[in-house]
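Engineer: PDB, C-alpha atoms, saved as input.pdb, coming up:
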MODEL        1
ATOM      1  CA  MET A   1      69.494  -3.113  61.613
ATOM      2  CA  THR A   2      70.553  -6.746  61.274
ATOM      3  CA  GLU A   3      66.918  -7.793  60.722
ATOM      4  CA  ARG A   4      66.635  -5.694  57.590
ATOM      5  CA  LYS A   5      67.617  -7.039  54.193
ATOM      6  CA  ARG A   6      70.897  -5.772  52.770
ATOM      7  CA  ILE A   7      71.670  -3.670  49.731
ATOM      8  CA  LEU A   8      75.060  -3.474  48.028
ATOM      9  CA  THR A   9      75.624  -1.142  45.141
ATOM     10  CA  GLY A  10      78.443   1.091  44.012
ATOM     11  CA  ILE A  11      80.178   3.353  41.546
ATOM     12  CA  ARG A  12      83.619   3.327  39.936
ATOM     13  CA  PRO A  13      85.645   6.401  40.989
ATOM     14  CA  THR A  14      86.603   7.974  37.674
ATOM     15  CA  GLY A  15      85.415  11.538  38.296
ATOM     16  CA  ALA A  16      82.545  13.671  39.533
ATOM     17  CA  LEU A  17      79.081  12.137  39.207
ATOM     18  CA  HIS A  18      76.498  13.414  36.747
ATOM     19  CA  LEU A  19      72.765  13.495  36.096
ATOM     20  CA  GLY A  20      72.896  10.049  34.524
ATOM     21  CA  HIS A  21      74.200   8.639  37.802
ATOM     22  CA  TYR A  22      71.477  10.438  39.725
ATOM     23  CA  ALA A  23      68.537   9.439  37.532
ATOM     24  CA  GLY A  24      69.719   5.868  37.044
ATOM     25  CA  ALA A  25      70.968   5.112  40.557
ATOM     26  CA  LEU A  26      71.408   7.748  43.261
ATOM     27  CA  GLU A  27      67.777   8.844  43.364
ATOM     28  CA  ASN A  28      66.848   5.225  44.013
ATOM     29  CA  TRP A  29      69.539   4.815  46.668
ATOM     30  CA  VAL A  30      68.250   7.798  48.632
ATOM     31  CA  ARG A  31      64.754   6.334  48.597
ATOM     32  CA  LEU A  32      65.884   2.880  49.734
ATOM     33  CA  GLN A  33      68.522   3.758  52.323
ATOM     34  CA  HIS A  34      66.232   3.839  55.359
ATOM     35  CA  ASP A  35      64.361   0.623  54.537
ATOM     36  CA  TYR A  36      67.424  -1.584  54.082
ATOM     37  CA  GLU A  37      70.849  -2.092  55.593
ATOM     38  CA  THR A  38      72.733  -0.292  52.841
ATOM     39  CA  TYR A  39      76.348  -0.495  51.700
ATOM     40  CA  PHE A  40      77.483   1.972  49.044
ATOM     41  CA  LEU A  41      80.777   0.945  47.476
ATOM     42  CA  ILE A  42      83.450   3.141  45.895
ATOM     43  CA  ALA A  43      84.833   0.456  43.596
ATOM     44  CA  ASP A  44      88.429   1.590  43.207
ATOM     45  CA  TYR A  45      89.679  -1.904  42.300
ATOM     46  CA  GLN A  46      87.560  -1.680  39.162
ATOM     47  CA  VAL A  47      89.255   1.264  37.467
ATOM     48  CA  SER A  48      92.249  -0.538  35.989
ATOM     49  CA  ASP A  49      91.506   1.268  32.710
ATOM     50  CA  TYR A  50      92.754   4.397  34.542
ATOM     51  CA  ALA A  51      95.967   2.794  35.799
ATOM     52  CA  ASP A  52      97.980   5.499  34.024
ATOM     53  CA  ASP A  53      96.221   8.214  36.056
ATOM     54  CA  ILE A  54      96.149   7.103  39.693
ATOM     55  CA  LYS A  55      95.767  10.706  40.876
ATOM     56  CA  ARG A  56      92.458  10.911  39.042
ATOM     57  CA  VAL A  57      91.246   7.785  40.836
ATOM     58  CA  ARG A  58      92.390   9.067  44.223
ATOM     59  CA  ASP A  59      90.714  12.446  43.702
ATOM     60  CA  ALA A  60      87.561  10.772  42.402
ATOM     61  CA  VAL A  61      87.128   8.802  45.629
ATOM     62  CA  TRP A  62      86.548  12.119  47.403
ATOM     63  CA  GLU A  63      84.429  13.473  44.554
ATOM     64  CA  VAL A  64      82.130  10.452  44.729
ATOM     65  CA  ALA A  65      81.791  10.725  48.510
ATOM     66  CA  LEU A  66      80.956  14.433  48.242
ATOM     67  CA  ASP A  67      78.377  13.763  45.546
ATOM     68  CA  TRP A  68      76.774  11.028  47.645
ATOM     69  CA  LEU A  69      76.478  13.386  50.589
ATOM     70  CA  SER A  70      75.182  16.174  48.368
ATOM     71  CA  VAL A  71      72.229  14.155  47.048
ATOM     72  CA  GLY A  72      71.188  13.145  50.544
ATOM     73  CA  LEU A  73      72.759   9.777  51.283
ATOM     74  CA  ASP A  74      73.084   9.425  55.047
ATOM     75  CA  PRO A  75      76.525   8.152  56.201
ATOM     76  CA  GLU A  76      75.157   7.302  59.653
ATOM     77  CA  GLY A  77      72.228   5.188  58.467
ATOM     78  CA  SER A  78      74.224   3.772  55.537
ATOM     79  CA  SER A  79      77.812   2.655  55.020
ATOM     80  CA  PHE A  80      80.137   4.370  52.542
ATOM     81  CA  VAL A  81      82.796   1.762  51.715
ATOM     82  CA  ILE A  82      86.142   2.048  49.932
ATOM     83  CA  GLU A  83      86.548  -1.274  48.140
ATOM     84  CA  SER A  84      90.333  -1.609  48.384
ATOM     85  CA  MET A  85      90.273  -1.003  52.142
ATOM     86  CA  VAL A  86      88.300  -4.222  52.666
ATOM     87  CA  PRO A  87      90.860  -6.911  51.710
ATOM     88  CA  GLU A  88      88.225  -9.633  52.001
ATOM     89  CA  HIS A  89      86.941  -8.489  48.596
ATOM     90  CA  THR A  90      90.064  -9.832  46.927
ATOM     91  CA  GLU A  91      90.143 -12.921  49.108
ATOM     92  CA  LEU A  92      86.607 -13.884  48.138
ATOM     93  CA  ALA A  93      87.246 -13.040  44.484
ATOM     94  CA  THR A  94      90.253 -15.362  44.502
ATOM     95  CA  TRP A  95      88.260 -18.300  45.835
ATOM     96  CA  LEU A  96      85.320 -17.642  43.502
ATOM     97  CA  GLY A  97      87.737 -17.522  40.586
ATOM     98  CA  TRP A  98      88.408 -21.209  41.193
ATOM     99  CA  PHE A  99      84.824 -22.085  40.323
ATOM    100  CA  LEU A 100      83.831 -19.552  37.644
ATOM    101  CA  PRO A 101      84.376 -20.823  34.074
ATOM    102  CA  VAL A 102      85.967 -18.333  31.670
ATOM    103  CA  ALA A 103      83.007 -18.873  29.333
ATOM    104  CA  MET A 104      80.702 -17.301  31.913
ATOM    105  CA  LEU A 105      82.747 -14.109  31.784
ATOM    106  CA  GLU A 106      83.135 -14.080  28.013
ATOM    107  CA  ARG A 107      79.395 -14.158  27.407
ATOM    108  CA  ASN A 108      78.866 -10.947  29.409
ATOM    109  CA  PRO A 109      77.773  -8.338  26.788
ATOM    110  CA  THR A 110      78.740  -5.358  28.943
ATOM    111  CA  LEU A 111      82.282  -6.647  29.408
ATOM    112  CA  LYS A 112      82.624  -7.351  25.684
ATOM    113  CA  ALA A 113      81.474  -3.842  24.772
ATOM    114  CA  GLU A 114      83.797  -2.174  27.282
ATOM    115  CA  MET A 115      86.808  -4.191  26.149
ATOM    116  CA  ALA A 116      86.037  -3.443  22.498
ATOM    117  CA  ALA A 117      85.795   0.273  23.287
ATOM    118  CA  MET A 118      89.273   0.170  24.824
ATOM    119  CA  GLU A 119      90.892  -1.765  21.974
ATOM    120  CA  GLU A 120      89.046  -0.045  19.117
ATOM    121  CA  PRO A 121      88.030   3.389  20.406
ATOM    122  CA  GLU A 122      85.909   5.851  18.489
ATOM    123  CA  GLU A 123      87.569   8.724  16.671
ATOM    124  CA  GLY A 124      89.188  11.134  19.103
ATOM    125  CA  GLN A 125      89.378   8.548  21.917
ATOM    126  CA  GLU A 126      92.661   7.073  23.148
ATOM    127  CA  ARG A 127      93.359   3.389  22.502
ATOM    128  CA  LYS A 128      94.245   1.456  25.653
ATOM    129  CA  PRO A 129      95.469  -2.118  26.132
ATOM    130  CA  VAL A 130      93.081  -4.266  28.155
ATOM    131  CA  PRO A 131      94.720  -5.091  31.512
ATOM    132  CA  VAL A 132      94.242  -8.458  33.182
ATOM    133  CA  ALA A 133      92.418  -6.776  36.063
ATOM    134  CA  PHE A 134      89.844  -5.372  33.643
ATOM    135  CA  TYR A 135      89.215  -8.787  32.150
ATOM    136  CA  THR A 136      88.569 -10.282  35.577
ATOM    137  CA  TYR A 137      86.698  -7.392  37.167
ATOM    138  CA  PRO A 138      83.313  -9.178  36.777
ATOM    139  CA  VAL A 139      84.609 -11.688  39.344
ATOM    140  CA  MET A 140      85.390  -8.783  41.669
ATOM    141  CA  GLN A 141      81.890  -7.384  41.110
ATOM    142  CA  VAL A 142      80.442 -10.765  42.094
ATOM    143  CA  SER A 143      82.627 -10.685  45.195
ATOM    144  CA  ASN A 144      81.446  -7.147  46.012
ATOM    145  CA  ILE A 145      77.825  -8.245  46.050
ATOM    146  CA  LEU A 146      78.269 -11.595  47.781
ATOM    147  CA  LEU A 147      80.660 -10.408  50.497
ATOM    148  CA  PRO A 148      77.968  -8.562  52.515
ATOM    149  CA  ARG A 149      75.488 -11.284  51.533
ATOM    150  CA  ALA A 150      73.315  -8.688  49.812
ATOM    151  CA  HIS A 151      69.678  -9.330  48.945
ATOM    152  CA  LEU A 152      69.092  -6.414  46.573
ATOM    153  CA  VAL A 153      71.348  -4.590  44.099
ATOM    154  CA  PRO A 154      70.095  -1.287  42.630
ATOM    155  CA  VAL A 155      71.817  -0.975  39.238
ATOM    156  CA  GLY A 156      71.609   0.620  35.844
ATOM    157  CA  GLU A 157      70.121  -1.408  33.032
ATOM    158  CA  ASP A 158      73.554  -2.136  31.540
ATOM    159  CA  GLN A 159      74.616  -3.887  34.760
ATOM    160  CA  LEU A 160      71.923  -6.572  34.688
ATOM    161  CA  PRO A 161      74.282  -9.199  33.174
ATOM    162  CA  HIS A 162      76.580  -8.745  36.184
ATOM    163  CA  ILE A 163      73.696  -9.423  38.573
ATOM    164  CA  GLU A 164      72.740 -12.581  36.689
ATOM    165  CA  LEU A 165      76.370 -13.750  36.875
ATOM    166  CA  THR A 166      76.285 -13.112  40.638
ATOM    167  CA  ARG A 167      73.057 -15.069  41.067
ATOM    168  CA  GLU A 168      74.459 -18.008  39.112
ATOM    169  CA  THR A 169      77.665 -17.946  41.141
ATOM    170  CA  ALA A 170      75.722 -17.962  44.420
ATOM    171  CA  ARG A 171      73.645 -20.929  43.209
ATOM    172  CA  ARG A 172      76.739 -22.873  42.170
ATOM    173  CA  PHE A 173      78.534 -22.247  45.464
ATOM    174  CA  ASN A 174      75.533 -22.996  47.678
ATOM    175  CA  HIS A 175      74.733 -26.206  45.793
ATOM    176  CA  ARG A 176      78.298 -27.510  45.682
ATOM    177  CA  PHE A 177      79.334 -26.568  49.232
ATOM    178  CA  LYS A 178      77.065 -24.966  51.843
ATOM    179  CA  GLU A 179      74.268 -22.403  51.831
ATOM    180  CA  VAL A 180      76.213 -19.167  52.366
ATOM    181  CA  PHE A 181      74.960 -16.588  49.877
ATOM    182  CA  PRO A 182      71.484 -15.206  49.121
ATOM    183  CA  GLU A 183      70.681 -14.886  45.412
ATOM    184  CA  PRO A 184      70.487 -11.110  45.035
ATOM    185  CA  GLU A 185      67.738  -9.399  43.068
ATOM    186  CA  ALA A 186      68.394  -6.488  40.709
ATOM    187  CA  LEU A 187      66.477  -3.234  40.923
ATOM    188  CA  VAL A 188      66.698  -0.864  37.942
ATOM    189  CA  GLY A 189      66.183   2.841  38.626
ATOM    190  CA  ARG A 190      63.251   4.938  37.430
ATOM    191  CA  VAL A 191      65.289   6.132  34.440
ATOM    192  CA  ALA A 192      67.096   3.216  32.827
ATOM    193  CA  ARG A 193      69.509   5.418  30.861
ATOM    194  CA  LEU A 194      69.929   9.148  30.286
ATOM    195  CA  VAL A 195      71.520  10.089  26.980
ATOM    196  CA  GLY A 196      74.444  12.476  26.838
ATOM    197  CA  THR A 197      74.046  16.152  25.996
ATOM    198  CA  ASP A 198      75.415  15.414  22.526
ATOM    199  CA  GLY A 199      72.627  12.910  21.877
ATOM    200  CA  ASN A 200      74.948   9.943  22.388
ATOM    201  CA  ALA A 201      73.361   6.917  24.015
ATOM    202  CA  LYS A 202      75.315   7.306  27.262
ATOM    203  CA  MET A 203      76.681  10.110  29.394
ATOM    204  CA  SER A 204      80.461   9.813  29.631
ATOM    205  CA  LYS A 205      83.163  12.062  31.071
ATOM    206  CA  SER A 206      85.492  11.034  28.241
ATOM    207  CA  ARG A 207      82.963  12.304  25.695
ATOM    208  CA  GLY A 208      82.420  15.586  27.537
ATOM    209  CA  ASN A 209      78.655  15.130  27.280
ATOM    210  CA  THR A 210      77.677  15.228  30.948
ATOM    211  CA  ILE A 211      75.907  17.631  33.275
ATOM    212  CA  ASP A 212      77.606  17.093  36.624
ATOM    213  CA  LEU A 213      75.849  17.189  39.964
ATOM    214  CA  LYS A 214      78.332  19.814  41.162
ATOM    215  CA  ASP A 215      77.919  22.130  38.137
ATOM    216  CA  ASP A 216      76.917  25.664  39.074
ATOM    217  CA  ALA A 217      73.853  27.354  37.553
ATOM    218  CA  ALA A 218      75.821  29.147  34.829
ATOM    219  CA  THR A 219      77.533  25.911  33.763
ATOM    220  CA  VAL A 220      74.205  24.065  33.588
ATOM    221  CA  SER A 221      72.744  26.887  31.481
ATOM    222  CA  ARG A 222      75.698  26.782  29.083
ATOM    223  CA  LYS A 223      75.579  23.000  28.712
ATOM    224  CA  VAL A 224      71.817  22.919  28.123
ATOM    225  CA  LYS A 225      72.097  25.620  25.437
ATOM    226  CA  ARG A 226      74.556  23.413  23.561
ATOM    227  CA  MET A 227      72.467  20.239  23.904
ATOM    228  CA  TYR A 228      71.486  18.216  20.878
ATOM    229  CA  ALA A 229      67.748  18.715  20.348
ATOM    230  CA  GLY A 230      66.916  16.492  17.411
ATOM    231  CA  PRO A 231      67.092  17.049  13.637
ATOM    232  CA  PRO A 232      67.149  20.703  12.442
ATOM    233  CA  ARG A 233      63.704  22.307  11.970
ATOM    234  CA  GLU A 234      62.079  25.717  11.690
ATOM    235  CA  LEU A 235      60.815  27.495  14.833
ATOM    236  CA  ASP A 236      57.174  26.683  14.103
ATOM    237  CA  GLU A 237      57.772  23.312  12.457
ATOM    238  CA  PRO A 238      56.259  20.269  14.226
ATOM    239  CA  GLY A 239      58.722  17.666  15.389
ATOM    240  CA  ASN A 240      58.883  14.093  16.636
ATOM    241  CA  VAL A 241      59.123  14.014  20.437
ATOM    242  CA  GLN A 242      61.104  10.749  20.312
ATOM    243  CA  ASP A 243      63.805  12.461  18.241
ATOM    244  CA  ASN A 244      64.430  15.233  20.789
ATOM    245  CA  PRO A 245      66.437  14.190  23.899
ATOM    246  CA  ILE A 246      65.317  17.351  25.733
ATOM    247  CA  PHE A 247      62.055  15.549  26.452
ATOM    248  CA  LEU A 248      63.928  12.625  28.028
ATOM    249  CA  TYR A 249      65.422  15.083  30.504
ATOM    250  CA  LEU A 250      62.083  16.780  31.161
ATOM    251  CA  ASP A 251      60.466  13.391  31.754
ATOM    252  CA  ALA A 252      63.244  12.521  34.198
ATOM    253  CA  PHE A 253      63.416  15.764  36.178
ATOM    254  CA  ASP A 254      60.404  18.044  35.610
ATOM    255  CA  PRO A 255      57.884  17.604  38.462
ATOM    256  CA  ASP A 256      55.088  19.211  36.419
ATOM    257  CA  THR A 257      54.152  16.224  34.282
ATOM    258  CA  ASP A 258      51.023  17.935  32.931
ATOM    259  CA  ALA A 259      53.080  20.829  31.595
ATOM    260  CA  VAL A 260      55.528  18.424  29.957
ATOM    261  CA  ALA A 261      52.636  16.519  28.373
ATOM    262  CA  GLY A 262      51.319  19.822  26.989
ATOM    263  CA  LEU A 263      54.711  20.688  25.531
ATOM    264  CA  LYS A 264      54.896  17.305  23.848
ATOM    265  CA  ASP A 265      51.461  17.771  22.353
ATOM    266  CA  ASP A 266      52.320  21.237  21.050
ATOM    267  CA  TYR A 267      55.681  20.059  19.763
ATOM    268  CA  GLY A 268      54.064  17.352  17.657
ATOM    269  CA  LYS A 269      51.217  19.526  16.338
ATOM    270  CA  SER A 270      52.495  23.050  15.823
ATOM    271  CA  GLY A 271      56.121  22.990  16.924
ATOM    272  CA  VAL A 272      57.818  24.461  19.994
ATOM    273  CA  PRO A 273      61.119  26.347  19.626
ATOM    274  CA  ASN A 274      64.050  24.489  21.121
ATOM    275  CA  LYS A 275      64.923  27.637  23.072
ATOM    276  CA  VAL A 276      61.636  27.349  24.968
ATOM    277  CA  LEU A 277      62.367  23.732  25.831
ATOM    278  CA  LYS A 278      65.948  24.463  26.841
ATOM    279  CA  ASP A 279      64.986  27.439  28.990
ATOM    280  CA  ARG A 280      62.500  25.273  30.853
ATOM    281  CA  LEU A 281      65.007  22.439  31.255
ATOM    282  CA  THR A 282      67.646  24.849  32.585
ATOM    283  CA  GLN A 283      65.268  26.079  35.278
ATOM    284  CA  VAL A 284      64.132  22.547  36.151
ATOM    285  CA  LEU A 285      67.702  21.260  36.500
ATOM    286  CA  ASN A 286      68.917  24.197  38.553
ATOM    287  CA  ASP A 287      65.922  23.854  40.888
ATOM    288  CA  ARG A 288      66.816  20.181  41.339
ATOM    289  CA  LEU A 289      70.540  20.790  41.811
ATOM    290  CA  ASP A 290      70.349  23.771  44.195
ATOM    291  CA  PRO A 291      69.912  21.645  47.356
ATOM    292  CA  PHE A 292      72.754  19.389  46.190
ATOM    293  CA  ARG A 293      75.043  22.380  45.749
ATOM    294  CA  GLU A 294      74.196  23.648  49.216
ATOM    295  CA  ARG A 295      74.931  20.319  50.912
ATOM    296  CA  ARG A 296      78.104  19.817  48.887
ATOM    297  CA  ALA A 297      79.401  23.250  49.930
ATOM    298  CA  TYR A 298      78.725  22.344  53.562
ATOM    299  CA  TYR A 299      80.805  19.173  53.357
ATOM    300  CA  GLU A 300      83.551  20.699  51.203
ATOM    301  CA  ALA A 301      84.119  23.135  54.066
ATOM    302  CA  ARG A 302      84.229  20.198  56.513
ATOM    303  CA  MET A 303      86.275  17.497  54.771
ATOM    304  CA  PRO A 304      87.097  15.685  58.057
ATOM    305  CA  LEU A 305      83.398  14.731  58.174
ATOM    306  CA  VAL A 306      83.739  13.156  54.723
ATOM    307  CA  ARG A 307      86.760  11.172  55.890
ATOM    308  CA  GLU A 308      84.885  10.021  58.992
ATOM    309  CA  SER A 309      81.996   8.848  56.824
ATOM    310  CA  LEU A 310      84.302   6.740  54.652
ATOM    311  CA  GLU A 311      86.226   5.314  57.600
ATOM    312  CA  ALA A 312      83.128   4.393  59.634
ATOM    313  CA  GLY A 313      81.346   2.768  56.700
ATOM    314  CA  THR A 314      84.424   0.824  55.626
ATOM    315  CA  ASN A 315      84.898  -0.458  59.173
ATOM    316  CA  ARG A 316      81.275  -1.639  59.320
ATOM    317  CA  MET A 317      81.811  -3.511  56.084
ATOM    318  CA  ARG A 318      84.955  -5.162  57.481
ATOM    319  CA  ILE A 319      82.900  -6.728  60.283
ATOM    320  CA  ILE A 320      80.468  -8.375  57.853
ATOM    321  CA  ALA A 321      83.307  -9.285  55.491
ATOM    322  CA  ARG A 322      85.093 -11.243  58.213
ATOM    323  CA  GLU A 323      81.854 -13.053  59.077
ATOM    324  CA  THR A 324      81.327 -14.013  55.436
ATOM    325  CA  MET A 325      84.878 -15.252  54.930
ATOM    326  CA  GLU A 326      84.618 -17.441  58.017
ATOM    327  CA  MET A 327      81.511 -18.988  56.470
ATOM    328  CA  VAL A 328      83.246 -19.398  53.090
ATOM    329  CA  ARG A 329      86.354 -21.020  54.544
ATOM    330  CA  ASP A 330      84.156 -23.342  56.571
ATOM    331  CA  ALA A 331      82.131 -24.266  53.475
ATOM    332  CA  LEU A 332      85.323 -24.961  51.520
ATOM    333  CA  ASP A 333      86.857 -26.810  54.502
ATOM    334  CA  LEU A 334      89.878 -24.490  54.486
ATOM    335  CA  ASN A 335      90.246 -23.868  58.206
ATOM    336  CA  TYR A 336      93.556 -25.717  58.152
ATOM    337  CA  LEU A 337      94.867 -24.865  61.579
ATOM    338  CA  GLY A 338      91.516 -25.377  63.253
ATOM    339  CA  LYS A 339      91.696 -29.136  62.618
ATOM    340  CA  TYR A 340      94.525 -29.814  65.059
TER
ENDMDL
END
What does the file become when written as structure tokens?

Structural biologist:
Amino acid sequence: MTERKRILTGIRPTGALHLGHYAGALENWVRLQHDYETYFLIADYQVSDYADDIKRVRDAVWEVALDWLSVGLDPEGSSFVIESMVPEHTELATWLGWFLPVAMLERNPTLKAEMAAMEEPEEGQERKPVPVAFYTYPVMQVSNILLPRAHLVPVGEDQLPHIELTRETARRFNHRFKEVFPEPEALVGRVARLVGTDGNAKMSKSRGNTIDLKDDAATVSRKVKRMYAGPPRELDEPGNVQDNPIFLYLDAFDPDTDAVAGLKDDYGKSGVPNKVLKDRLTQVLNDRLDPFRERRAYYEARMPLVRESLEAGTNRMRIIARETMEMVRDALDLNYLGKY
């Protein structure tokens, strides 16, 4: 295992995972897990925007673990890690914070957008003050990736600025002190982003526009029926495929690409009723989710196995974390007591 290159990637525990997580990340993780030494992180330090609802965070840690197991991530071949149970994350973040200019954080477009959404939320969303921990969480993300000395980071498209910040930090540290960290590469999933069921650019629990991996067949059917399907049109009126998000979902999940291509052709020439498209999507999604539901039910009935998975993976991460911090303290010449 130690000869294989390492992967570090993770998810913030804010609730159950949804199809956007699967298409943009989890599907890729399942494919990569046996070719790399993989560490999957439940990033509970990075949910300071939910500080007023700690119970939600605590419950979400278990939800995330169950969803990972349901999609086929293997806790024996991979490591499921709870971020806050590896204290070396904060230790490394503290040292890196000495050498990261504030300007490097401020130019991160993802951070700017997230902070703006908290301070000036859309109508119907709650305004939240930006906590200090949220402002500095990019440093923690850098620490997350560098701590296991990861070579590859599977991410969504919106996380690419974080990977570039990590690469730059590794270069700075290695050049100024000693060669400790690889410069990790980013790997974007097959589907860069899946729009929400309301047509919004991103699935979000706060918007209520998700289809969750744990949703039963009836719930999936109800959510698909309510999905935004482009501008209003008559049943036999041609439409623009690019305006109808149903096709994004079919492209992402329907294994019969020829049939989808035929639907697109018909839709543009003679029109296809949205009911036909939604009925097909409902069947496609339920076929995809059925094995997930079965595995999730197995583990929900055996929660001690879920706990064991989290404990074993976190302990494996602690071993590498201690190795890395020894290297970092040596590079910074901070082994005070070892000098005498």

Engineer: How would you write as an MDAnalysis selection string the residues that get within 12 Å of (69.0, 24.2, 29.0) in the file's frame, counting all atoms listed in the file?

Structural biologist: chainID A and resid 197 211 217:229 245:247 249:250 274:286

Engineer: When the PyMOL selection byres ((chain A and resi 201) around 12) is applied to the structure above, which residues does it catch, written out as a list in words?

Structural biologist: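 Going through the file, the PyMOL selection byres ((chain A and resi 201) around 12) ends up selecting Gly20, Asp158, Ala192, Arg193, Leu194, Val195, Gly196, Thr197, Asp198, Gly199, Asn200, Lys202, Met203, Ser204, Arg207, Asn209, Thr210, Tyr228, Pro245 and Leu248 of chain A.
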
Engineer: List every protein, DNA or RNA residue that has an atom no more than 7 Å from (75.7, -1.1, 46.1) in the file's coordinate frame, counting only C-alpha atoms, and report them as a ChimeraX atom specification.

Structural biologist: /A:7-10,39-41,153-154

Engineer: On this file, the PyMOL selection byres ((chain A and resi 141) around 12) gives some set of residues; write that set as a ChimeraX atom specification.

Structural biologist: /A:8-12,41-47,83,89-90,92-93,96-97,105,111,133-140,142-147,153,159-167,169

Engineer: Restricted to C-alpha atoms, what would the selected residues look like written as a PDB file, in the coordinates of the input?

Structural biologist:
ATOM      1  CA  LEU A   8      75.060  -3.474  48.028  1.00  0.00           C
ATOM      2  CA  THR A   9      75.624  -1.142  45.141  1.00  0.00           C
ATOM      3  CA  GLY A  10      78.443   1.091  44.012  1.00  0.00           C
ATOM      4  CA  ILE A  11      80.178   3.353  41.546  1.00  0.00           C
ATOM      5  CA  ARG A  12      83.619   3.327  39.936  1.00  0.00           C
ATOM      6  CA  LEU A  41      80.777   0.945  47.476  1.00  0.00           C
ATOM      7  CA  ILE A  42      83.450   3.141  45.895  1.00  0.00           C
ATOM      8  CA  ALA A  43      84.833   0.456  43.596  1.00  0.00           C
ATOM      9  CA  ASP A  44      88.429   1.590  43.207  1.00  0.00           C
ATOM     10  CA  TYR A  45      89.679  -1.904  42.300  1.00  0.00           C
ATOM     11  CA  GLN A  46      87.560  -1.680  39.162  1.00  0.00           C
ATOM     12  CA  VAL A  47      89.255   1.264  37.467  1.00  0.00           C
ATOM     13  CA  GLU A  83      86.548  -1.274  48.140  1.00  0.00           C
ATOM     14  CA  HIS A  89      86.941  -8.489  48.596  1.00  0.00           C
ATOM     15  CA  THR A  90      90.064  -9.832  46.927  1.00  0.00           C
ATOM     16  CA  LEU A  92      86.607 -13.884  48.138  1.00  0.00           C
ATOM     17  CA  ALA A  93      87.246 -13.040  44.484  1.00  0.00           C
ATOM     18  CA  LEU A  96      85.320 -17.642  43.502  1.00  0.00           C
ATOM     19  CA  GLY A  97      87.737 -17.522  40.586  1.00  0.00           C
ATOM     20  CA  LEU A 105      82.747 -14.109  31.784  1.00  0.00           C
ATOM     21  CA  LEU A 111      82.282  -6.647  29.408  1.00  0.00           C
ATOM     22  CA  ALA A 133      92.418  -6.776  36.063  1.00  0.00           C
ATOM     23  CA  PHE A 134      89.844  -5.372  33.643  1.00  0.00           C
ATOM     24  CA  TYR A 135      89.215  -8.787  32.150  1.00  0.00           C
ATOM     25  CA  THR A 136      88.569 -10.282  35.577  1.00  0.00           C
ATOM     26  CA  TYR A 137      86.698  -7.392  37.167  1.00  0.00           C
ATOM     27  CA  PRO A 138      83.313  -9.178  36.777  1.00  0.00           C
ATOM     28  CA  VAL A 139      84.609 -11.688  39.344  1.00  0.00           C
ATOM     29  CA  MET A 140      85.390  -8.783  41.669  1.00  0.00           C
ATOM     30  CA  VAL A 142      80.442 -10.765  42.094  1.00  0.00           C
ATOM     31  CA  SER A 143      82.627 -10.685  45.195  1.00  0.00           C
ATOM     32  CA  ASN A 144      81.446  -7.147  46.012  1.00  0.00           C
ATOM     33  CA  ILE A 145      77.825  -8.245  46.050  1.00  0.00           C
ATOM     34  CA  LEU A 146      78.269 -11.595  47.781  1.00  0.00           C
ATOM     35  CA  LEU A 147      80.660 -10.408  50.497  1.00  0.00           C
ATOM     36  CA  VAL A 153      71.348  -4.590  44.099  1.00  0.00           C
ATOM     37  CA  GLN A 159      74.616  -3.887  34.760  1.00  0.00           C
ATOM     38  CA  LEU A 160      71.923  -6.572  34.688  1.00  0.00           C
ATOM     39  CA  PRO A 161      74.282  -9.199  33.174  1.00  0.00           C
ATOM     40  CA  HIS A 162      76.580  -8.745  36.184  1.00  0.00           C
ATOM     41  CA  ILE A 163      73.696  -9.423  38.573  1.00  0.00           C
ATOM     42  CA  GLU A 164      72.740 -12.581  36.689  1.00  0.00           C
ATOM     43  CA  LEU A 165      76.370 -13.750  36.875  1.00  0.00           C
ATOM     44  CA  THR A 166      76.285 -13.112  40.638  1.00  0.00           C
ATOM     45  CA  ARG A 167      73.057 -15.069  41.067  1.00  0.00           C
ATOM     46  CA  THR A 169      77.665 -17.946  41.141  1.00  0.00           C
TER      47      THR A 169
END

Engineer: Within 10 Å of A:Arg190, counting only C-alpha atoms, which residues qualify if same-chain residues fewer than 2 places away don't, as a short mmCIF file (atom, residue, chain, number, x, y, z; two decimals) with C-alpha atoms, in the coordinates of the input?

Structural biologist:
data_model
loop_
_atom_site.label_atom_id
_atom_site.label_comp_id
_atom_site.auth_asym_id
_atom_site.auth_seq_id
_atom_site.Cartn_x
_atom_site.Cartn_y
_atom_site.Cartn_z
CA ALA A 23 68.54 9.44 37.53
CA GLY A 24 69.72 5.87 37.04
CA ALA A 25 70.97 5.11 40.56
CA GLU A 27 67.78 8.84 43.36
CA ASN A 28 66.85 5.22 44.01
CA GLY A 156 71.61 0.62 35.84
CA LEU A 187 66.48 -3.23 40.92
CA VAL A 188 66.70 -0.86 37.94
CA ALA A 192 67.10 3.22 32.83
CA ARG A 193 69.51 5.42 30.86
CA ALA A 252 63.24 12.52 34.20
#

Engineer: Evaluate the PyMOL selection byres ((chain A and resi 50) around 12) and record the selected residues as a ChimeraX atom specification, following the chain and residue labels used in the document.

Structural biologist: /A:12-15,44-49,51-58,60,118,126,128-131,133-134,206

Engineer: Calculated over all atoms listed in the file, which of the candidates A:Asp215, A:Lys5, A:Trp98, A:Ser78 has the smallest distance to A:Ala297?

Structural biologist: A:Asp215

Engineer: I need the residue nearest A:Pro232 from this list: A:Pro273, A:Gly262, A:Gly268, A:Pro255. Use all atoms listed in the file for the distance.

Structural biologist: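 Between A:Pro273, A:Gly262, A:Gly268, A:Pro255, the residue approaching A:Pro232 most closely is A:Pro273.
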
Engineer: I'd like the interatomic distance between atom CA of A:Asp35 and atom CA of A:Leu152, to a tenth of an Å.

Structural biologist: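 Taking atom CA of A:Asp35 and atom CA of A:Leu152, their separation equals 11.6 Å.
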